[in-house]
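Peer 1: One structure coming up, written as structure tokens, with questions to follow.
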Amino acid sequence: MEKNNYQGALQHPLGSGFSATSTAAVVIKGIDLKGKIAIVTGGNAGIGLETTKVLASAGATVIVPARDIEKARKNLQGIPNVEIEIMDLARPDTIDAFAEKFLASGRPLHILINNAGIMWVPLQRDSRGFESQLSTNYFGQFQLVARLWPALKDAHGARVVNVSSLGHHMAPFNFDDPNFEHREYQTLLGYGQSKTASNLFALELDNRAKAHQVRAYSLHPGSIAGTELARDADMELFKQMGFFDENGDMRPEILASLKTIQQGAATSIWAATSPQLNNIGGVYCEDADIAELLSENPSIQTDAKLHQSGVMDYSLDESSAKKLWDLTEEMTGIKFNVN
């Protein structure tokens, strides 16, 4: 019986041969995806767009669900083997409609990359009253995977990749008040718990789905220059995180550590396609390798800890992963039976 990654049991770097500077195009070299079907949420901008390009270049058919169809068409113009569909992760009805249309096509799903997300936004709620970062970054992922499960199973060898973040260091999942109904809203905490939830979901999904040849992963893509992710963020948040000094200038050490979009997409591509992970799942990855496990919560709001990497042990905790799965089914009304 294959081992699981509860408590980070498999959380050891492999020595993949890649690094923080490896690009997605380098990582996928030699991998043939002809005949494979992939879905990349947010696949029309930032690292998602690069992920789409690289998967398509390897021969995959890539479906890109997007909130803004016209923007997606413009950004994806000229890329072969790409299909564009409407979907908004914060609107459950659109997730169901997208999944139903895909399932109706009768195609298996070999790769699902949950790339789309929002970051550091003011307090907003979806139609169910769920805090927007948790709704988009986690509940939307859960619903999409649950609805697409028959196609993932039919692939007889599929991978689900959750693009998480180093931001999960900011907060464990708050089971008492996940939607900030009884505590003061702090956007960094909201973002942090949404990414912790994404890690816990990948962990538990992998354990439940591996019997059906479906493996799941979470990852930190790196700090990326030139994406739209932090478009709603206040400069004070970047100062609080230590990215910018009191004058609003990016600190030199941060500037030097930024990845290009091509480098930022590399870990998604590695997790989705690398044969090095054929018998390993539920792990959190970074720099196109498995990340180190951390057993104490570092403060990433100080310069000394700013470049802290690795995955927090609370986001690979078995009891938390199972508890979150049950809570998610209860809160969303979506029963996800992996069988």
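Letters A, B, ... go to the chains of the structure tokens in the order shown; residues in each chain start at 1; ligands are counted from 1 in the same order.
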Which polymer residues have any atom within 8 Å of an atom of A:Met170, counting only C-alpha atoms, with same-chain residues fewer than 2 positions away left out, as a ChimeraX atom specification?
Peer 2: /A:167-168,172,188-189,191-193,299-300
Peer 1: For the selection you just gave me, I'd like the residues written to a file as a CSV table (one decimal), in the first residue's frame, keeping N, CA, C and O atoms.
Peer 2:
```
chain,number,residue,atom,x,y,z
A,167,GLY,N,2.0,32.1,1.5
A,167,GLY,CA,1.1,32.8,2.3
A,167,GLY,C,0.3,31.9,3.3
A,167,GLY,O,-0.3,32.4,4.3
A,168,HIS,N,0.4,30.6,3.1
A,168,HIS,CA,-0.3,29.7,4.1
A,168,HIS,C,0.4,29.8,5.5
A,168,HIS,O,-0.1,29.4,6.5
A,172,PRO,N,-3.2,29.2,10.1
A,172,PRO,CA,-3.9,27.9,10.0
A,172,PRO,C,-5.3,28.1,9.6
A,172,PRO,O,-5.8,29.3,9.6
A,188,LEU,N,-4.8,39.5,5.4
A,188,LEU,CA,-3.7,38.5,5.4
A,188,LEU,C,-4.0,37.2,6.0
A,188,LEU,O,-3.6,36.1,5.6
A,189,LEU,N,-4.8,37.3,7.1
A,189,LEU,CA,-5.3,36.0,7.7
A,189,LEU,C,-6.3,35.3,6.8
A,189,LEU,O,-6.3,34.1,6.8
A,191,TYR,N,-6.4,35.4,3.6
A,191,TYR,CA,-5.6,34.8,2.5
A,191,TYR,C,-4.8,33.6,3.0
A,191,TYR,O,-4.8,32.5,2.4
A,192,GLY,N,-4.2,33.7,4.2
A,192,GLY,CA,-3.4,32.6,4.7
A,192,GLY,C,-4.2,31.4,5.0
A,192,GLY,O,-3.8,30.2,4.6
A,193,GLN,N,-5.4,31.5,5.6
A,193,GLN,CA,-6.2,30.3,5.8
A,193,GLN,C,-6.8,29.7,4.6
A,193,GLN,O,-7.0,28.5,4.5
A,299,SER,N,7.7,33.8,11.7
A,299,SER,CA,7.1,35.1,11.4
A,299,SER,C,7.7,35.6,10.1
A,299,SER,O,8.8,35.9,10.0
A,300,ILE,N,6.8,35.6,9.0
A,300,ILE,CA,7.4,36.1,7.7
A,300,ILE,C,7.2,37.6,7.6
A,300,ILE,O,7.3,38.1,6.5
```
Peer 1: List the neighbours of stretch 100-112 of chain A out to 10 Å using only C-alpha atoms; skip same-chain residues closer than 5 positions along the sequence, and give me the result as a ChimeraX atom specification.
Peer 2: /A:33,35-41,55,60,62-63,85,94-95,144-145,147-162,214-216,271-273
Peer 1: Have a look at atom CA of A:Tyr185 and atom CA of A:Gln143 and let me know their distance in Å, one decimal.
Peer 2: 24.7 Å
Peer 1: Give me the residues within 9 Å of A:Ser198 as a list in words, counting only C-alpha atoms and dropping any in the same chain fewer than 5 places off.
Peer 2: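 Using only C-alpha atoms, the neighbours found are Asn137, Tyr138, Phe139, Gln141, Phe142, Asn162, Val163, Ser164, His168, Gln193, Leu203, Ser218 and Ser315 of chain A.
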Peer 1: Can I get the selection written as a short mmCIF file (atom, residue, chain, number, x, y, z; two decimals), in the first residue's frame, with C-alpha atoms?
Peer 2:
```cif
data_model
loop_
_atom_site.label_atom_id
_atom_site.label_comp_id
_atom_site.auth_asym_id
_atom_site.auth_seq_id
_atom_site.Cartn_x
_atom_site.Cartn_y
_atom_site.Cartn_z
CA ASN A 137 -9.20 30.07 -3.35
CA TYR A 138 -10.65 27.00 -1.65
CA PHE A 139 -14.40 26.35 -1.82
CA GLN A 141 -11.52 24.41 -5.93
CA PHE A 142 -13.35 21.80 -3.88
CA ASN A 162 -3.60 23.29 -6.30
CA VAL A 163 -1.57 26.47 -6.70
CA SER A 164 -1.21 27.52 -3.08
CA HIS A 168 -0.27 29.69 4.11
CA GLN A 193 -6.22 30.31 5.85
CA LEU A 203 -3.50 16.16 1.13
CA SER A 218 -0.24 21.73 -3.66
CA SER A 315 -1.34 22.38 6.64
#
```
Peer 1: Mind giving me the straight-line distance from atom CA of A:Ser319 to atom CA of A:Arg208 in Å, one decimal?
Peer 2: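 These atoms are spaced 14.0 Å apart.
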